[in-house]
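Peer 1: A single structure is presented below for examination.
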Amino acid sequence: MNGAGALDPNSLILLIGLAVLALVAAVLSTLLMSRRKIRREIRELVTAIEGMRGGRPRHRPDIPEDSALGMVADSVNRLGQDIAARTHEASRVSTQLDALLAAAPDTAVVSTDDEGAVRTFNVAAEELFGWSTGDVQGQPASVLFPEDAWKDLLPKLLRRDVRSRGLRTSASLRRKDGTLFEAELFVRNLRHDGGDAGGFLVAVRDIDERVRLERRLARTELRHREFLERLGEAVVVVQDGDVAFANPTAVDLLDRDRDEVVGPQFHDLVPTRDVLLVREWLESGPTQDGDLVVLRTSIEGRGGPIDVRLRAAW
């Protein structure tokens, strides 16, 4: 039975339905707004992370601390700060390394990965070997060596002391055009952060001209020595007062064993009475006109003093 002012069941049901619809609409609206907010915050995080990947960790995600993603945003911010600090330090070290390499233009620097493939090739290396960085990068380091030189170097690189002190040696190397040259090498292990081997750093200096000069001097010295060996006059070479060389004629003249002549001080071959005279003569050098001074004295042979005439060349 319905009283005055009372709602009939149909009206009550309608009101309840409208209230439920309003509540559902409010909930959906809240969810939609929350979803849009989360999507916006996720875009902020993605933008910041992509900036890190691109080497520009500058974007700071704009997300409130009370957001569901607030802790994630805080971690991303701190990660970006760490990356920025490390990027700055790496840039500083790289600048110092570039300056160091520029200060030593005669030193080629090559680094390899842990598989032995060329990873970096500085400007001096390009000039020395004739390769561009792009041409040689990724190729095995053996391309820089003739086969026999590479086989000789490999066992040395595996020695334990190379890991701590490095290796200093010389070897033949090969340019892009196939020509060979002699070089001085300093090889050092590179390490990953975990301490595992990460390849090698090789510093190369061209000593080809020096080696050719040393070989030429050695040949010249050999010819001079052969000439002096055959010379009929007695010849001794004195260095810092010691007899460094005596030809067979000098050894025969003194009638001594070669070890008795070569090695001792020259004044040991001179009689005591003439030691000061000979020492003064040796220290005087040639005349101002470049003429050699001839000294008449005696030399101690096995059988006693032998009168001689000394001539010197300084």
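Lettering and numbering for the structure tokens are positional, with chains as A, B, ... in the shown order, residues counted from 1 in each chain, and ligands counted from 1 in the shown order.
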So which residues touch stretch 145-149 of chain A within 10 Å, counting only C-alpha atoms, skipping near sequence neighbours fewer than 2 positions away, as a PyMOL selection string?
Peer 2: chain A and resi 141-143+151-154+170-175+178-181
Peer 1: Using only C-alpha atoms, find the one residue out of A:Val237, A:Val243, A:Leu190, A:Val308 that sits nearest to A:Arg119.
Peer 2: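 Checking each of A:Val237, A:Val243, A:Leu190, A:Val308 against A:Arg119, counting only C-alpha atoms, the winner is A:Leu190.
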